[in-house]
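Take a look at the structure below.
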Amino acid sequence: MDAVRIEDVIGEFVQLKKRGTNHIGCCPFHNEKTPSFSVSPTKGIYKCFGCGESGNVVGFLMKHEHYTYPEALKWLANKYNIEIEEEQLSQEQIERNNERDALFHVSEFAQKYFHNLLYEDEMGVAVGLSYFHSRGLSDNVIKDFGLGYSLDEWTAFTDYARKNGYSDNVLQKTGLTIFKEDGKCFDRFKGRVMFPIFSVSGRVLGFSGRILSKEKQAAKYVNSPDSEIYNKSHILYGLYQAKNAISRQDKVYLVEGNIDVISMYQSGVENTVASCGTSLTIEQVRLMRRYTKNVTVLYDGDKAGIKAAFRAVNMLFEEGMHVRVVLFPDGEDPDSYAQKYGSTRLQEFLKDNETNFVLFKTKVLIDDIKGDPIRKAEVLTEIVRTIALVPDLMERTEYVSQCASLLRISEQTLQNELAKELNRRLRATAAKPIATNDKDIQEIIPSGETSQQLVVPESTTTVINPAEFQERKIISLLLNQGNKVLEYETKDNDGNITVINYTIAQIIVGDILNDGLTFENSTYLAIFNEFVRRIERNETSFDMQFFVTHPDRDVRQIATSLMMEDYHISDKWIKKQIAVPTPDERLRNDLEESLLNFKLKKLDVKIDNIDRQFPYVSTDEDKLDLVSQKMHYLKLRRQIGSALNRVIV
Ligand SMILES: [Zn+2]
């Protein structure tokens, strides 16, 4: 764990930017457009302030990559070149109970098998490898994409997998083998060149196989069926190979086919992905957006194809992406273009022909209507809808003027239509209920008003904890400064001065227990009690990671939030003192102030409760009792107030 840099690990999956001591990015666990996902290198933790996900680097890998704990450690060991000794897997271990694991295993096994055939099998070389070479792919690229060949025999792969201990169950679930009702089976990818599909972290999830023979009945491409590990609408082909280039260049090219991705990669345009044999899905767009907001869609010259793809582009806009397009000449696609003209001309072509999507769409649609006024109105509506999706106001204004001139209408007309559309969209979104799962925000809501309208004196239904802020501050001090040692001088009866060291945690716990106070918020109380237990066991230094990986989700989330918030020592104290205090003195003052405020707030609550009970007591005796209680608390309040150096009215 000492070797691990959390920002590097998470940076492989999320585009992070440095902000202050932390790194921030868009959360991979929920859908968001403005970053609220924060990574703290110094504390080794991450936290999303949007959805609350949090934890350390191992937790991240387990959550994000669906790794088991040992798998996450193995991944880290591999990244940092740390050797781990592992026992040879036994036959039983291979067929683990865990089905996911087994599916991952057999997919990786199959990928290696298909790839090796390309180079080690006579037919593999003659058919598979020569096909890839004929498409102009180099051996390096074949290796980078793990391409392979599946023999043109009914059960070549299935036999080999069975011999290596893989069960029919996993062969069926991954779809590598197709089982018929009569019990016979055959290889799904028989006689095909193989394109493995990788997860973002490089695990094999499934395959796409292209037929080479001219058999009319066989589909050109066959894909793995969706399984426990493979969901084609959540995967972008080539993202594993492209992700670093995408981040570096802050841009992604979206193409149609696997072979286009590989061709672009070989031509030096490494930041290219394709949707995996489906039309683009929202999940794929969100996956893309984790790496960049800039997407350029590459179209081949086929008109019907272009219009079919317009819908997908609207989705890109809706997810806040900046969309540009490149249209290839009639009959060409990225692969054919690269093969015909080479990589330099491909790159130049992309640069010279990249245009703005809104204008592109307008031109395509106008070309189509040939002056028909009714269809022109339809085009206008369609264009207005697209412009309305553009998030940036400046951009929108620019489109209005450009599209107006293309459509030969006045800017004002287009502007009016756009205003109507924006209004319509605004009302549509406003009607949606606002998500209320943001517990963190609810907890921070200031609770200044202590429910005067409550009639029942001792309310058990109060949701808002009046001491929330003060309780939070104390827990924050415990988590962030708890191990810090402060020196205290004490004088014994003979006047001898001795210096005693206390940790902040010891001081806080001792002080609060002494006064018999407690926490309203049950999660804070749980954290506080953990400190109490440890102090009772005479532990002087706590591992705060304990809370970050705590099994209770609320504890974990609150602890990480508080540890993520940069701890600031109140600077009110600086203003009051003439000499500039040392950091230690400031911490000491802050500690004292926080404890006093905590107590003050608890007293306020007690006094408040007394006031609310007053109308309900009938006997003079009870009234007197309440009054004397109140006097007692008011006196304490004044004492604390003067200690806090402020006037309590
Ligand atoms: Zn989140």
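Please note that chains go A, B, ... in the order of the structure tokens, that every chain numbers its residues from 1, and that ligands are numbered from 1 in the order shown.
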
- Message: Please identify all protein, DNA and RNA residues within 6 Å of ligand 1, counting only C-alpha atoms and all ligand atoms, and report them as JSON, numbers by chain.
- Response: {"A": [27, 29, 30, 48, 50, 51, 52, 53]}

Selection above as a file: N, CA, C and O atoms, as a PDB file, in the first residue's frame:
```
ATOM      1  N   CYS A  27     -17.558  11.797 -11.340  1.00  0.00           N
ATOM      2  CA  CYS A  27     -17.709  10.539 -10.620  1.00  0.00           C
ATOM      3  C   CYS A  27     -18.043   9.385 -11.570  1.00  0.00           C
ATOM      4  O   CYS A  27     -18.949   9.497 -12.390  1.00  0.00           O
ATOM      5  N   PHE A  29     -19.318   6.646 -10.617  1.00  0.00           N
ATOM      6  CA  PHE A  29     -20.372   5.830 -10.013  1.00  0.00           C
ATOM      7  C   PHE A  29     -21.765   6.436 -10.153  1.00  0.00           C
ATOM      8  O   PHE A  29     -22.750   5.811  -9.841  1.00  0.00           O
ATOM      9  N   HIS A  30     -21.830   7.696 -10.540  1.00  0.00           N
ATOM     10  CA  HIS A  30     -23.149   8.243 -10.850  1.00  0.00           C
ATOM     11  C   HIS A  30     -22.988   9.205 -12.014  1.00  0.00           C
ATOM     12  O   HIS A  30     -21.887   9.561 -12.395  1.00  0.00           O
ATOM     13  N   CYS A  48     -17.011  10.879  -3.399  1.00  0.00           N
ATOM     14  CA  CYS A  48     -17.877  11.621  -4.304  1.00  0.00           C
ATOM     15  C   CYS A  48     -18.860  12.412  -3.467  1.00  0.00           C
ATOM     16  O   CYS A  48     -19.603  11.844  -2.673  1.00  0.00           O
ATOM     17  N   GLY A  50     -21.279  13.934  -4.687  1.00  0.00           N
ATOM     18  CA  GLY A  50     -22.584  13.841  -5.318  1.00  0.00           C
ATOM     19  C   GLY A  50     -23.360  12.640  -4.818  1.00  0.00           C
ATOM     20  O   GLY A  50     -24.443  12.766  -4.254  1.00  0.00           O
ATOM     21  N   CYS A  51     -22.779  11.437  -4.988  1.00  0.00           N
ATOM     22  CA  CYS A  51     -23.533  10.236  -4.636  1.00  0.00           C
ATOM     23  C   CYS A  51     -23.043   9.610  -3.340  1.00  0.00           C
ATOM     24  O   CYS A  51     -23.649   8.672  -2.840  1.00  0.00           O
ATOM     25  N   GLY A  52     -21.915  10.097  -2.804  1.00  0.00           N
ATOM     26  CA  GLY A  52     -21.476   9.604  -1.512  1.00  0.00           C
ATOM     27  C   GLY A  52     -20.515   8.427  -1.561  1.00  0.00           C
ATOM     28  O   GLY A  52     -20.015   8.007  -0.530  1.00  0.00           O
ATOM     29  N   GLU A  53     -20.251   7.878  -2.735  1.00  0.00           N
ATOM     30  CA  GLU A  53     -19.326   6.754  -2.805  1.00  0.00           C
ATOM     31  C   GLU A  53     -17.969   7.198  -2.268  1.00  0.00           C
ATOM     32  O   GLU A  53     -17.518   8.301  -2.535  1.00  0.00           O
TER      33      GLU A  53
END
```

- Just the residues within 8 Å of stretch 8-17 of chain A, please, counting only C-alpha atoms, with nothing from its chain fewer than 6 positions along; format it as a list in words. His23, Ile24, Gly25, Cys26, Cys27, Pro28, Val57, Phe60, Val200, Ser201, Asn244, Ser247, Arg290, Tyr291 and Thr292 of chain A

- Task: Tell me, in Å to one decimal, how far atom CA of A:Leu644 is from atom CA of A:Ile504.
- Result: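 Interatomic distance, atom CA of A:Leu644 to atom CA of A:Ile504: 19.1 Å.
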
Can you build me a table of stretch 290-343 of chain A residues sitting at most 9 Å from stretch 266-272 of chain A, with the closest atom pair per residue and its distance in Å to one decimal, using only C-alpha atoms, sorted by chain and residue number, as CSV?
```
residue,atom,partner,partner_atom,distance
A:Ala338,CA,A:Ser267,CA,7.0
A:Gly342,CA,A:Ser267,CA,7.3
A:Ser343,CA,A:Ser267,CA,4.4
```

- Query: Of the residues A:Lys43, A:Arg408, A:His105, A:Lys303, which is the one nearest to A:Ser167, using only C-alpha atoms?
  - Reply: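 For A:Ser167, the nearest of the candidates is A:His105.
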